[in-house]
file input.txt (compact mmCIF, C-alpha atoms)
# COMPACT_ATOMS: atom_id res chain seq x y z
CA MET A 29 218.82 155.49 260.45
CA ALA A 30 218.28 155.98 256.74
CA ALA A 31 216.02 158.80 255.72
CA LYS A 32 213.05 158.30 253.46
CA ILE A 33 213.44 160.63 250.48
CA ILE A 34 210.31 162.30 249.12
CA THR A 35 210.00 164.78 246.26
CA ILE A 36 207.06 167.13 245.90
CA THR A 37 206.31 168.21 242.34
CA SER A 38 203.44 169.39 240.13
CA GLY A 39 204.24 170.18 236.51
CA LYS A 40 202.39 173.48 236.62
CA GLY A 41 203.78 176.34 238.66
CA GLY A 42 201.93 178.10 241.44
CA VAL A 43 199.81 175.19 242.66
CA GLY A 44 201.42 175.01 246.10
CA LYS A 45 204.57 172.86 245.93
CA THR A 46 206.64 175.07 248.19
CA THR A 47 203.79 175.70 250.63
CA ALA A 48 203.13 171.95 250.84
CA THR A 49 206.83 171.11 251.28
CA ALA A 50 207.18 173.69 254.06
CA ASN A 51 204.05 172.56 255.87
CA ILE A 52 204.67 168.82 255.64
CA THR A 53 208.26 169.41 256.80
CA VAL A 54 207.13 171.39 259.85
CA ALA A 55 204.34 168.89 260.59
CA LEU A 56 206.82 166.00 260.56
CA ALA A 57 209.18 167.94 262.84
CA GLN A 58 206.30 168.64 265.21
CA LEU A 59 205.67 164.90 265.33
CA GLY A 60 209.22 164.43 266.62
CA GLN A 61 210.85 163.51 263.31
CA ARG A 62 214.19 164.77 262.04
CA VAL A 63 213.59 166.38 258.64
CA VAL A 64 215.87 168.01 256.09
CA CYS A 65 214.07 169.93 253.35
CA ILE A 66 215.90 170.82 250.17
CA ASP A 67 214.93 173.63 247.80
CA SER A 68 215.90 172.34 244.36
CA ASP A 69 214.52 175.33 242.46
CA ILE A 70 217.92 176.80 241.54
CA GLY A 71 217.55 180.45 240.52
CA LEU A 72 214.02 180.80 241.90
CA ARG A 73 214.41 179.85 245.53
CA ASN A 74 211.43 180.30 247.84
CA LEU A 75 211.33 177.57 250.42
CA ASP A 76 213.56 179.76 252.64
CA VAL A 77 211.12 182.67 252.63
CA VAL A 78 208.03 180.47 253.12
CA LEU A 79 209.73 178.90 256.14
CA GLY A 80 210.87 182.31 257.42
CA LEU A 81 214.55 181.36 257.22
CA GLU A 82 215.65 183.76 254.47
CA ASN A 83 217.92 185.80 256.76
CA ARG A 84 219.89 182.79 257.90
CA ILE A 85 221.38 181.72 254.55
CA VAL A 86 225.16 181.67 254.31
CA TYR A 87 225.83 178.74 251.97
CA ASP A 88 223.50 177.00 249.50
CA MET A 89 223.17 173.69 247.70
CA VAL A 90 225.43 174.70 244.80
CA ASP A 91 228.16 175.75 247.26
CA VAL A 92 228.07 172.19 248.62
CA ILE A 93 228.11 170.58 245.18
CA GLU A 94 230.98 172.76 243.99
CA GLY A 95 232.99 172.15 247.15
CA ARG A 96 232.96 175.65 248.67
CA CYS A 97 231.57 174.37 251.96
CA ARG A 98 230.75 171.21 253.82
CA ILE A 99 227.15 170.02 253.72
CA ARG A 100 226.71 170.75 257.44
CA GLN A 101 227.46 174.42 256.79
CA ALA A 102 224.65 174.69 254.25
CA MET A 103 222.06 173.09 256.56
CA ILE A 104 220.12 175.85 258.29
CA LYS A 105 218.78 174.70 261.63
CA ASP A 106 215.30 176.02 262.34
CA LYS A 107 215.38 177.18 265.96
CA ARG A 108 211.61 177.03 266.31
CA PHE A 109 211.26 173.35 265.40
CA GLU A 110 213.53 170.69 266.85
CA GLY A 111 215.05 168.52 264.14
CA LEU A 112 214.19 170.71 261.14
CA PHE A 113 216.89 171.75 258.65
CA LEU A 114 216.75 173.57 255.32
CA ILE A 115 219.24 173.33 252.48
CA PRO A 116 218.49 176.40 250.36
CA ALA A 117 218.77 176.67 246.57
CA ALA A 118 221.32 178.98 244.94
CA GLN A 119 219.67 182.15 243.73
CA THR A 120 222.24 183.45 241.27
CA ARG A 121 222.74 180.26 239.24
CA ASP A 122 220.56 178.12 236.97
CA LYS A 123 219.43 174.50 236.85
CA SER A 124 222.49 173.42 234.86
CA ALA A 125 224.66 173.97 237.97
CA VAL A 126 223.25 170.71 239.38
CA SER A 127 222.97 167.22 237.89
CA PRO A 128 220.75 164.28 238.93
CA SER A 129 223.81 162.44 240.26
CA ASP A 130 224.78 165.51 242.35
CA MET A 131 221.34 165.33 243.97
CA ILE A 132 221.70 161.62 244.69
CA GLN A 133 225.13 162.16 246.24
CA LEU A 134 223.89 165.09 248.33
CA CYS A 135 221.02 163.02 249.75
CA ASN A 136 223.26 160.03 250.40
CA GLU A 137 225.55 162.20 252.51
CA ILE A 138 222.80 163.31 254.87
CA ARG A 139 220.42 160.40 254.91
CA LYS A 140 222.12 158.62 257.78
CA GLU A 141 221.54 161.59 260.08
CA THR A 142 217.86 162.22 259.49
CA ASP A 143 214.48 160.50 259.24
CA TRP A 144 213.15 162.36 256.21
CA ILE A 145 214.48 164.30 253.24
CA LEU A 146 211.82 166.39 251.49
CA ILE A 147 212.73 167.90 248.13
CA ASP A 148 210.81 170.86 246.74
CA SER A 149 210.85 170.53 242.95
CA PRO A 150 210.74 173.38 240.45
CA ALA A 151 207.82 173.59 238.02
CA GLY A 152 208.20 172.13 234.55
CA ILE A 153 209.44 168.81 233.18
CA GLU A 154 213.02 169.80 232.36
CA ARG A 155 216.39 169.56 234.09
CA GLY A 156 215.32 171.00 237.44
CA PHE A 157 212.49 168.49 237.74
CA LYS A 158 214.76 165.60 236.69
CA ASN A 159 217.24 166.70 239.38
CA ALA A 160 214.49 166.82 241.99
CA ILE A 161 213.15 163.31 241.37
CA ALA A 162 216.54 161.59 240.87
CA PRO A 163 217.07 160.72 244.57
CA ALA A 164 213.36 160.24 245.39
CA GLU A 165 211.97 157.02 246.79
CA GLU A 166 208.48 158.41 246.60
CA VAL A 167 207.02 161.32 244.66
CA LEU A 168 204.04 163.39 245.76
CA VAL A 169 202.23 165.23 242.97
CA ILE A 170 200.29 168.32 243.96
CA THR A 171 197.52 169.83 241.86
CA ASN A 172 194.62 172.27 242.00
CA PRO A 173 191.07 171.48 240.87
CA ASP A 174 191.40 173.34 237.57
CA VAL A 175 191.85 172.08 234.00
CA SER A 176 195.43 173.23 233.42
CA ALA A 177 196.79 172.03 236.78
CA VAL A 178 195.11 168.62 236.38
CA ARG A 179 196.37 168.24 232.83
CA ASP A 180 199.94 169.08 233.84
CA ALA A 181 199.69 166.74 236.84
CA ASP A 182 198.73 163.94 234.48
CA ARG A 183 201.79 164.61 232.31
CA ILE A 184 204.09 164.63 235.31
CA ILE A 185 202.55 161.41 236.68
CA GLY A 186 203.26 159.76 233.30
CA ILE A 187 206.90 160.91 233.39
CA ILE A 188 207.31 159.74 237.01
CA GLU A 189 206.05 156.30 235.95
CA SER A 190 208.36 156.13 232.95
CA GLU A 191 211.31 157.12 235.18
CA GLU A 192 210.30 154.23 237.46
CA LYS A 193 209.69 156.52 240.41
CA GLY A 194 206.00 155.62 240.65
CA PRO A 195 203.39 155.11 241.76
CA ALA A 196 203.13 158.74 242.83
CA ARG A 197 200.58 159.86 245.42
CA LEU A 198 198.36 162.89 244.96
CA ILE A 199 197.70 166.05 246.99
CA ILE A 200 194.74 168.15 245.84
CA ASN A 201 195.26 171.73 246.98
CA ARG A 202 192.86 174.69 247.23
CA ILE A 203 189.55 172.86 247.13
CA ASN A 204 186.73 175.31 247.75
CA PRO A 205 183.87 173.18 249.14
CA GLU A 206 181.29 175.85 248.52
CA MET A 207 182.14 176.01 244.80
CA VAL A 208 182.23 172.21 244.59
CA LYS A 209 178.77 172.13 246.10
CA ARG A 210 177.51 174.54 243.44
CA GLY A 211 178.98 172.32 240.73
CA GLU A 212 181.39 175.03 239.63
CA MET A 213 184.61 173.36 240.78
CA LEU A 214 185.95 169.86 240.14
CA ALA A 215 185.42 167.76 243.28
CA ALA A 216 188.30 165.80 244.79
CA GLU A 217 186.61 162.61 243.57
CA ASP A 218 186.59 163.93 239.98
CA VAL A 219 190.30 164.75 240.09
CA MET A 220 191.08 161.33 241.56
CA GLU A 221 189.05 159.61 238.88
CA LEU A 222 190.78 161.56 236.09
CA LEU A 223 194.33 161.06 237.37
CA ALA A 224 193.79 157.52 238.67
CA ILE A 225 196.43 157.57 241.39
CA GLU A 226 196.25 157.16 245.14
CA LEU A 227 195.39 160.22 247.19
CA ILE A 228 197.41 161.28 250.25
CA GLY A 229 195.57 164.47 251.13
CA ILE A 230 193.15 167.23 250.22
CA ILE A 231 193.87 170.79 251.31
CA PRO A 232 190.86 173.09 251.51
CA GLU A 233 191.25 176.67 250.40
CA ASP A 234 192.09 178.67 253.51
CA GLU A 235 193.13 182.31 253.74
CA LYS A 236 195.31 181.44 256.72
CA VAL A 237 197.77 179.85 254.30
CA LEU A 238 198.60 183.24 252.78
CA ILE A 239 198.52 185.02 256.13
CA SER A 240 200.95 182.57 257.65
CA THR A 241 203.22 182.73 254.60
CA ASN A 242 203.29 186.52 254.99
CA ILE A 243 204.91 186.12 258.37
CA GLY A 244 207.12 183.15 257.50
CA LYS A 245 205.32 180.76 259.82
CA PRO A 246 203.78 177.76 258.00
CA VAL A 247 200.05 177.25 258.52
CA VAL A 248 200.46 173.88 260.28
CA THR A 249 201.57 175.82 263.33
CA HIS A 250 198.09 177.34 263.38
CA GLU A 251 196.06 174.88 265.45
CA LYS A 252 192.70 176.04 264.21
CA SER A 253 193.46 176.24 260.50
CA ILE A 254 191.66 173.60 258.41
CA ALA A 255 194.46 173.66 255.83
CA GLY A 256 196.93 173.18 258.68
CA GLN A 257 194.95 170.17 259.87
CA ALA A 258 194.98 168.73 256.34
CA PHE A 259 198.79 169.10 256.18
CA ARG A 260 199.14 167.45 259.60
CA ASN A 261 197.07 164.54 258.28
CA ILE A 262 199.41 164.14 255.30
CA ALA A 263 202.43 164.02 257.64
CA ARG A 264 200.77 161.32 259.71
CA ARG A 265 199.87 159.33 256.61
CA LEU A 266 203.53 159.49 255.55
CA LEU A 267 204.40 158.02 258.95
CA GLY A 268 202.07 155.15 258.12
CA ASP A 269 199.15 156.16 260.32
CA ASP A 270 195.80 155.22 258.92
CA ILE A 271 194.00 158.55 258.90
CA PRO A 272 190.78 158.31 256.94
CA LEU A 273 189.93 161.12 254.54
CA ILE A 274 187.34 162.71 256.75
CA ASP A 275 184.53 165.00 255.75
CA ILE A 276 186.75 168.05 256.15
CA GLU A 277 188.73 166.81 253.22
CA LEU A 278 186.22 165.01 251.05
CA LYS A 279 182.73 166.34 251.42
CA ASP A 280 181.29 169.78 251.81
CA GLY A 281 178.68 169.41 254.55
CA ILE A 282 180.44 169.14 257.87
CA PHE A 283 183.50 170.95 256.58
CA HIS A 284 181.44 173.99 255.91
CA ARG A 285 180.06 174.16 259.40
CA ILE A 286 183.45 173.55 260.97
CA SER A 287 185.11 176.21 258.85
CA ARG A 288 182.49 178.73 259.93
CA VAL A 289 183.12 177.97 263.57
CA PHE A 290 186.86 178.30 262.97
CA ASN A 291 186.52 181.59 261.21
CA PHE A 292 184.57 182.88 264.16
CA GLY A 293 187.03 181.57 266.67
CA GLY A 294 190.09 182.40 264.58
CA GLU A 295 192.78 184.76 265.71
CA MET B 26 164.75 179.81 245.25
CA SER B 27 167.90 180.00 243.16
CA ASP B 28 169.03 176.66 244.60
CA TRP B 29 165.75 175.06 243.70
CA PHE B 30 165.93 176.57 240.24
CA SER B 31 169.45 175.37 239.54
CA LYS B 32 168.52 171.85 240.59
CA PHE B 33 165.94 171.60 237.88
CA SER B 34 167.49 173.71 235.16
CA ARG B 35 169.19 171.89 232.31
CA LYS B 36 172.24 174.11 232.14
CA PRO B 37 175.31 171.89 232.63
CA LYS B 38 177.53 172.88 235.54
CA SER B 39 181.00 174.07 234.62
CA ALA B 40 182.64 171.36 236.77
CA ASN B 41 181.01 168.64 234.65
CA GLU B 42 182.18 170.32 231.50
CA ALA B 43 185.73 170.58 232.88
CA LYS B 44 185.69 166.88 233.70
CA GLU B 45 184.44 165.80 230.28
CA ARG B 46 186.94 168.03 228.48
CA LEU B 47 189.79 166.77 230.63
CA LYS B 48 188.86 163.13 229.96
CA LEU B 49 189.36 163.63 226.24
CA VAL B 50 192.49 165.78 226.58
CA LEU B 51 194.16 163.26 228.90
CA ILE B 52 193.54 160.31 226.57
CA HIS B 53 195.39 162.17 223.81
CA ASP B 54 198.14 163.47 226.10
CA ARG B 55 198.84 160.01 227.47
CA THR B 56 199.17 158.16 224.19
CA ASP B 57 200.56 160.64 221.71
CA ILE B 58 198.71 158.77 218.96
CA SER B 59 197.14 161.17 216.48
CA ALA B 60 193.99 160.44 214.50
CA THR B 61 196.11 160.07 211.35
CA THR B 62 198.42 157.52 213.00
CA LEU B 63 195.43 155.60 214.26
CA ALA B 64 193.93 155.49 210.73
CA GLU B 65 197.25 154.35 209.25
CA MET B 66 197.57 151.63 211.87
CA LYS B 67 194.08 150.47 211.11
CA ASP B 68 194.81 150.14 207.37
CA GLU B 69 198.03 148.22 207.94
CA LEU B 70 196.42 145.96 210.51
CA LEU B 71 193.57 145.12 208.13
CA GLN B 72 195.98 144.36 205.29
CA VAL B 73 197.81 141.79 207.39
CA ILE B 74 194.66 140.15 208.71
CA SER B 75 193.01 140.09 205.27
CA LYS B 76 195.88 137.94 204.00
CA HIS B 77 194.66 135.13 206.21
CA VAL B 78 190.95 135.62 206.83
CA THR B 79 188.12 137.43 205.14
CA ILE B 80 186.99 140.33 207.27
CA ASP B 81 184.10 142.73 207.18
CA VAL B 82 186.02 145.97 206.72
CA SER B 83 182.94 148.17 207.11
CA LYS B 84 182.36 146.90 210.66
CA VAL B 85 185.93 147.16 211.95
CA LYS B 86 186.30 149.31 215.05
CA ILE B 87 189.62 150.48 216.48
CA THR B 88 189.38 152.58 219.60
CA MET B 89 191.45 153.86 222.51
CA MET B 90 190.30 152.77 225.95
CA HIS B 91 191.67 153.50 229.38
CA GLU B 92 191.50 151.64 232.64
CA GLY B 93 192.98 153.62 235.49
CA ARG B 94 196.26 154.89 234.06
CA GLU B 95 196.55 152.08 231.48
CA GLN B 96 195.79 152.91 227.90
CA ARG B 97 194.54 150.18 225.66
CA LEU B 98 194.06 149.90 221.94
CA ILE B 99 190.96 147.83 221.25
CA ALA B 100 190.44 146.32 217.83
CA ASP B 101 187.08 144.77 217.06
CA ILE B 102 187.41 142.94 213.73
CA PRO B 103 184.42 140.85 212.62
CA ILE B 104 185.36 137.88 210.47
CA LYS B 105 183.06 136.93 207.55
CA PRO B 106 181.62 133.45 207.73
CA PHE B 107 183.58 130.79 205.95
CA LYS B 108 181.91 129.86 202.67
CA LYS B 109 182.04 126.28 201.49
CA ARG B 110 183.18 125.97 197.93
call {"tool": "encode", "arguments": {"input": "input.txt", "output": "structure tokens"}}
result
Amino acid sequence: MAAKIITITSGKGGVGKTTATANITVALAQLGQRVVCIDSDIGLRNLDVVLGLENRIVYDMVDVIEGRCRIRQAMIKDKRFEGLFLIPAAQTRDKSAVSPSDMIQLCNEIRKETDWILIDSPAGIERGFKNAIAPAEEVLVITNPDVSAVRDADRIIGIIESEEKGPARLIINRINPEMVKRGEMLAAEDVMELLAIELIGIIPEDEKVLISTNIGKPVVTHEKSIAGQAFRNIARRLLGDDIPLIDIELKDGIFHRISRVFNFGGE
Amino acid sequence: MSDWFSKFSRKPKSANEAKERLKLVLIHDRTDISATTLAEMKDELLQVISKHVTIDVSKVKITMMHEGREQRLIADIPIKPFKKR
């Protein structure tokens, strides 16, 4: 077994990197995969709290790199999902505590024991980002349908290509179909045309994402959530399943009706 | 009523404007070639070509194009007809 290593990045902050990493990780675990997710945002860790594992941290990634513990000791086993582990970032250090070769070595040590390694990248194009993509075999770029997020995504896609980590695949997060329909939000097709890379998923705006983050339980665990469904689709596409981008993700018509039904039936 | 009205009104939707603005911004971001550099390149290019053939400088066009993520510099340089002495 040799894990596939995937990094999730965006350029701009706040577009949903950590939420996407947490949800794709849980979705893969729910599909019976062994997954280790790594928070590479040293000094600004959050993957732990989004996954609801913040009270379980004893050792972090920097402790492993600096030899204060064995890698096994820094891997937090999620008791709710079989096969899911988190390696948290250090909170009291900065990006310079880790180098790209440290990241490669860290991943090499665990890749025999797992199916997937998902790395949550920090925002920006500096050291932390370089660390996050160093071990990656594939990079997923996440963006929102707004001018600054799309522009930053384009920059990061260019850097990924020049670092020979491409071609990246795209996740468009927080599409509001009603605004797209009114012509007041870039449609998924527009973003795809501008960025000219392959799409792996579209996540509709869904208040259940925030609600589930509040309680440390990623939205994919919510059967009826449309965002959860979109994350499950991404996980299955990563596994090689051919899941077409259905109306929920691409168009507004059917999605709208379904979302209404879900809101009614929601918990 | 408002739907019907917006369909026929000429006011551009903000999404279209965002897309058009992004198209231009991305071309510049991707190449890092400023207008001044482009003009300088054009002059130098024309000097070299003029050494060998007579060209119609007034009709020369040098533009940036993109196909997918590939940027391309397109030079359209009309050559003046060869005159028999």
call {"tool": "atom_distance", "arguments": {"input": "input.txt", "atom1": "atom CA of B:His91", "atom2": "atom CA of B:Lys67"}}
result
18.7 Å
call {"tool": "interface_residues", "arguments": {"input": "input.txt", "of": "chain B", "to": "chain A", "cutoff": "6 Å", "atoms": "only C-alpha atoms", "output": "PyMOL selection string"}}
result
chain B and resi 38-40+93-94
call {"tool": "residues_around", "arguments": {"input": "input.txt", "residues": "B:Ile99", "least_positions_apart": "6", "cutoff": "7 Å", "atoms": "all atoms listed in the file", "output": "ChimeraX atom specification"}}
result
/B:87-90
call {"tool": "atom_distance", "arguments": {"input": "input.txt", "atom1": "atom CA of A:Gln133", "atom2": "atom CA of A:Gly42"}}
result
28.6 Å
call {"tool": "residues_around", "arguments": {"input": "input.txt", "residues": "stretch 75-85 of chain B", "least_positions_apart": "2", "cutoff": "7 Å", "atoms": "all atoms listed in the file", "output": "PDB file with C-alpha atoms, in the frame of the given file"}}
result
ATOM      1  CA  LEU B  71     193.570 145.120 208.130  1.00  0.00           C
ATOM      2  CA  GLN B  72     195.980 144.360 205.290  1.00  0.00           C
ATOM      3  CA  VAL B  73     197.810 141.790 207.390  1.00  0.00           C
ATOM      4  CA  ILE B  87     189.620 150.480 216.480  1.00  0.00           C
ATOM      5  CA  ASP B 101     187.080 144.770 217.060  1.00  0.00           C
ATOM      6  CA  ILE B 102     187.410 142.940 213.730  1.00  0.00           C
ATOM      7  CA  PRO B 103     184.420 140.850 212.620  1.00  0.00           C
ATOM      8  CA  ILE B 104     185.360 137.880 210.470  1.00  0.00           C
ATOM      9  CA  LYS B 105     183.060 136.930 207.550  1.00  0.00           C
TER      10      LYS B 105
END
call {"tool": "build_atoms", "arguments": {"input": "input.txt", "residues": "stretch 73-97 of chain B", "atoms": "N, CA and C atoms", "output": "CSV table (one decimal), in the frame of the given file"}}
result
chain,number,residue,atom,x,y,z
B,73,VAL,N,197.2,143.0,206.9
B,73,VAL,CA,197.8,141.8,207.4
B,73,VAL,C,196.7,140.7,207.7
B,74,ILE,N,195.7,141.1,208.3
B,74,ILE,CA,194.7,140.2,208.7
B,74,ILE,C,193.9,139.6,207.5
B,75,SER,N,193.7,140.5,206.5
B,75,SER,CA,193.0,140.1,205.3
B,75,SER,C,193.8,139.0,204.5
B,76,LYS,N,195.1,139.0,204.7
B,76,LYS,CA,195.9,137.9,204.0
B,76,LYS,C,195.4,136.5,204.4
B,77,HIS,N,195.0,136.5,205.7
B,77,HIS,CA,194.7,135.1,206.2
B,77,HIS,C,193.2,134.8,206.3
B,78,VAL,N,192.4,135.8,206.7
B,78,VAL,CA,191.0,135.6,206.8
B,78,VAL,C,190.2,136.7,206.1
B,79,THR,N,189.0,136.4,205.8
B,79,THR,CA,188.1,137.4,205.1
B,79,THR,C,187.4,138.2,206.2
B,80,ILE,N,187.6,139.5,206.2
B,80,ILE,CA,187.0,140.3,207.3
B,80,ILE,C,186.0,141.3,206.7
B,81,ASP,N,185.1,141.7,207.6
B,81,ASP,CA,184.1,142.7,207.2
B,81,ASP,C,184.7,144.1,207.5
B,82,VAL,N,185.3,144.7,206.5
B,82,VAL,CA,186.0,146.0,206.7
B,82,VAL,C,185.1,147.1,207.2
B,83,SER,N,183.9,147.1,206.7
B,83,SER,CA,182.9,148.2,207.1
B,83,SER,C,182.6,148.1,208.6
B,84,LYS,N,182.7,147.0,209.2
B,84,LYS,CA,182.4,146.9,210.7
B,84,LYS,C,183.5,146.9,211.6
B,85,VAL,N,184.7,147.1,211.1
B,85,VAL,CA,185.9,147.2,212.0
B,85,VAL,C,185.9,148.4,212.8
B,86,LYS,N,186.2,148.2,214.1
B,86,LYS,CA,186.3,149.3,215.0
B,86,LYS,C,187.6,149.3,215.8
B,87,ILE,N,188.4,150.4,215.7
B,87,ILE,CA,189.6,150.5,216.5
B,87,ILE,C,189.5,151.7,217.4
B,88,THR,N,189.6,151.5,218.7
B,88,THR,CA,189.4,152.6,219.6
B,88,THR,C,190.4,152.6,220.7
B,89,MET,N,190.6,153.7,221.3
B,89,MET,CA,191.4,153.9,222.5
B,89,MET,C,190.6,153.7,223.8
B,90,MET,N,191.0,152.9,224.7
B,90,MET,CA,190.3,152.8,226.0
B,90,MET,C,191.3,153.1,227.1
B,91,HIS,N,190.8,153.4,228.2
B,91,HIS,CA,191.7,153.5,229.4
B,91,HIS,C,191.0,152.9,230.6
B,92,GLU,N,191.9,152.2,231.4
B,92,GLU,CA,191.5,151.6,232.6
B,92,GLU,C,192.5,152.1,233.7
B,93,GLY,N,192.0,153.0,234.6
B,93,GLY,CA,193.0,153.6,235.5
B,93,GLY,C,194.0,154.4,234.7
B,94,ARG,N,195.3,154.2,234.8
B,94,ARG,CA,196.3,154.9,234.1
B,94,ARG,C,196.7,154.1,232.9
B,95,GLU,N,196.1,152.9,232.6
B,95,GLU,CA,196.6,152.1,231.5
B,95,GLU,C,195.7,152.4,230.2
B,96,GLN,N,196.5,152.7,229.2
B,96,GLN,CA,195.8,152.9,227.9
B,96,GLN,C,195.8,151.6,227.1
B,97,ARG,N,194.7,151.4,226.4
B,97,ARG,CA,194.5,150.2,225.7
B,97,ARG,C,194.0,150.5,224.3
